[in-house]
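Working notes, structure below.
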Amino acid sequence: KMQAIYRSAASAVRRGGMQNWTRAYSARVEVQGRPRRSILFMPGSNSKALEKGKGIGTDVISIDLEDAVAPNAKPMAREAAAAAVRAGFGAHKEVVVRLNGTDTEWYGEDLKVICAAMPSAVVLPKVEGPEQVNDTIKAMDDMGVPKEVGVWAMIETPMGILRAEDIAKSGQTRLECVVMGTSDLTKDLRGKHMPGREPLLYALSHVLMCARAHGVMALDGVCLDLHDPEELEAQCRQSAQMGFDGKTLIHPKQVEPANRNFAPTEGQVEISKEIIKAHTEALAEGKNVAVVQGKLVENLHVENSMRIIAMDEAIKARNTA
């Protein structure tokens, strides 16, 4: 599929330059989804916080009905979350809602009420196998929920890590993201929160590998330390370098570092354009490789360059929406 998209893009570049290429490549942007660099959790029971969310520059608002809401406040939070989804947070933000666990007394009504409000996706916590994803999708289909409403699966337990591939390849009609739940996982592992996150590196790498193998996005877990901006920077930089698409957050001041670290730099965008142009010209001359700034360029570099430019264009579109 990627090769077909590339051939189409190369043809567009030859016909009319980078602008035509961007349009030709738009199908791949749809596959990747809108930018999800920053996913800010906000409690469904806090109406003032939800109202403030409209002015925060996060890519995604994730309204929380689970950990952030006391048991006696869950029915009220559910209705408030549905109302907030309907009201919206601006055209440039996705709005998802983290439901209570599939094994709780609140889950069924959560799914019904929230899906009726049409969020971008529902987020399932503590997913430990494909059954939870598939059962949720079946329930959504039975309720007639449009396919535009996706499902995100949080993987935050040892069993979830062990079954990450089964989860990532489940629910292909709606599953969009797998989300690391690093706080719960660290607790279950009896690990320590430490610089470099060494206790979590296997889990992070494994879940990312499973996500990439089955074509879903992968999001990193939260940074709990609100008073250590250097640790947040280090975690964002680490997970971006690993290949994660974005990071879940617990405070508005964490949004800017996440947006910056998970976005292409101007330098990356410019060299990507050079790579595509040089390789396209090489193909026109019957060659399959090119040289850019002294480095050999072949198909794999072109594919990565296309992804970088597409993400840059999507971010710019989001910022001007």
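Simple scheme: letters A, B, ... for chains in structure tokens order, numbers from 1 for residues in each chain, numbers from 1 for ligands in the order shown.
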Practice task
Give me the residues within 9 Å of Gln268 (chain A) as an MDAnalysis selection string, counting only C-alpha atoms and dropping any in the same chain fewer than 6 places off.
Solution key: chainID A and resid 305 308:309
Practice task
Write out as number ranges by chain which residues come within 10 Å of Trp106 (chain A) when counting only C-alpha atoms, dropping same-chain ones fewer than 6 positions away.
Solution key: A: 65-66, 71, 74-75, 78, 99-100
Could you please take those selected residues and save N, CA, C and O atoms as a compact mmCIF listing (two decimals), in the first residue's frame?
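Now in part19.txt:
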```txt
# COMPACT_ATOMS: atom_id res chain seq x y z
N LEU A 65 -13.82 9.56 33.12
CA LEU A 65 -14.89 9.09 34.00
C LEU A 65 -14.38 8.04 34.98
O LEU A 65 -15.14 7.60 35.84
N GLU A 66 -13.11 7.67 34.86
CA GLU A 66 -12.59 6.55 35.66
C GLU A 66 -11.86 7.05 36.91
O GLU A 66 -12.48 7.45 37.88
N PRO A 71 -16.76 7.40 43.13
CA PRO A 71 -17.91 6.55 42.78
C PRO A 71 -19.25 7.25 42.84
O PRO A 71 -20.08 7.08 41.93
N LYS A 74 -19.98 9.55 39.72
CA LYS A 74 -19.86 9.03 38.35
C LYS A 74 -21.10 9.28 37.48
O LYS A 74 -20.95 9.66 36.31
N PRO A 75 -22.32 9.11 37.98
CA PRO A 75 -23.48 9.42 37.12
C PRO A 75 -23.51 10.88 36.68
O PRO A 75 -23.78 11.19 35.52
N ARG A 78 -20.78 11.52 34.09
CA ARG A 78 -21.15 10.94 32.79
C ARG A 78 -21.99 11.93 31.98
O ARG A 78 -21.73 12.16 30.80
N LEU A 99 -13.90 5.78 29.62
CA LEU A 99 -15.00 5.17 30.34
C LEU A 99 -14.49 4.45 31.59
O LEU A 99 -13.29 4.27 31.78
N ASN A 100 -15.42 4.05 32.42
CA ASN A 100 -15.07 3.13 33.50
C ASN A 100 -14.81 1.75 32.91
O ASN A 100 -15.27 1.43 31.81
```
Practice task
Rank A:Ser47, A:Gln254, A:Thr102, A:Asn319 by their smallest atom-to-atom distance to Ala83 (chain A), using only C-alpha atoms, and report the top residue only.
Solution key: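 Residue with the minimum atom-to-atom distance to Ala83 (chain A): A:Ser47.
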Practice task
Give the strand (DSSP E) residues of region 23-213 of chain A, as assigned by DSSP on the backbone, as a PyMOL selection string.
Solution key: chain A and resi 38-43+60-64+94-98+121-124+150-155+175-180
Problem - Among listed residues A:Asp188, A:Glu109, A:Glu298, A:Glu128, nearest Arg163 (chain A) (using only C-alpha atoms) - result: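 Among the listed residues, A:Glu128 lies closest to Arg163 (chain A).
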Problem - Which of A:Lys169, A:Arg98, A:Lys287, A:Arg86 sits closest to Leu124 (chain A) [using only C-alpha atoms] - result: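 Going through A:Lys169, A:Arg98, A:Lys287, A:Arg86 one by one, the smallest distance to Leu124 (chain A) is for A:Arg98.
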Handout entry: Between CA of Glu148 (chain A) and CA of Met217 (chain A), distance in Å (one decimal)
Key =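 Value for the CA of Glu148 (chain A)-CA of Met217 (chain A) distance: 16.0 Å.
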Exercise for the section: Rank nothing, just name the residue among A:Glu233, A:Glu79, A:Asp228, A:Asp312 nearest to Ile114 (chain A), using only C-alpha atoms. Expected result: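 Checking each of A:Glu233, A:Glu79, A:Asp228, A:Asp312 against Ile114 (chain A), counting only C-alpha atoms, the winner is A:Glu79.
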Find the residues around Asn261 (chain A) up to 8 Å (only C-alpha atoms counted), leave out those fewer than 6 positions away in its own chain, and share them as a compact mmCIF listing (two decimals) with N, CA and C atoms, in the first residue's frame.
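The resulting file, out-v2.txt, is shown below:
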```txt
# COMPACT_ATOMS: atom_id res chain seq x y z
N GLU A 233 10.33 16.81 29.86
CA GLU A 233 11.06 16.96 28.60
C GLU A 233 11.77 15.66 28.24
N CYS A 236 9.19 13.03 27.09
CA CYS A 236 8.68 13.33 25.75
C CYS A 236 9.73 13.03 24.70
N ARG A 237 10.95 13.46 24.95
CA ARG A 237 12.03 13.23 24.00
C ARG A 237 12.30 11.74 23.81
N ALA A 240 9.30 10.10 21.89
CA ALA A 240 9.29 10.55 20.49
C ALA A 240 10.41 9.88 19.71
```
Exercise for the section: Skip Gly243 (chain A) itself and residues of its chain fewer than 6 positions away, then list as a VMD selection string all residues within 10 Å of it, counting only C-alpha atoms. Expected result: chain A and resid 205 208 to 209 212 217 to 220 237 262
Handout entry: Spatial neighbours of Asp64 (chain A), max dist 6 Å, only C-alpha atoms, sep filter under 4 positions, as a list in words
Key =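 In the requested format, the answer is Met42, Pro43, Gly44, Val97 and Arg98 of chain A.
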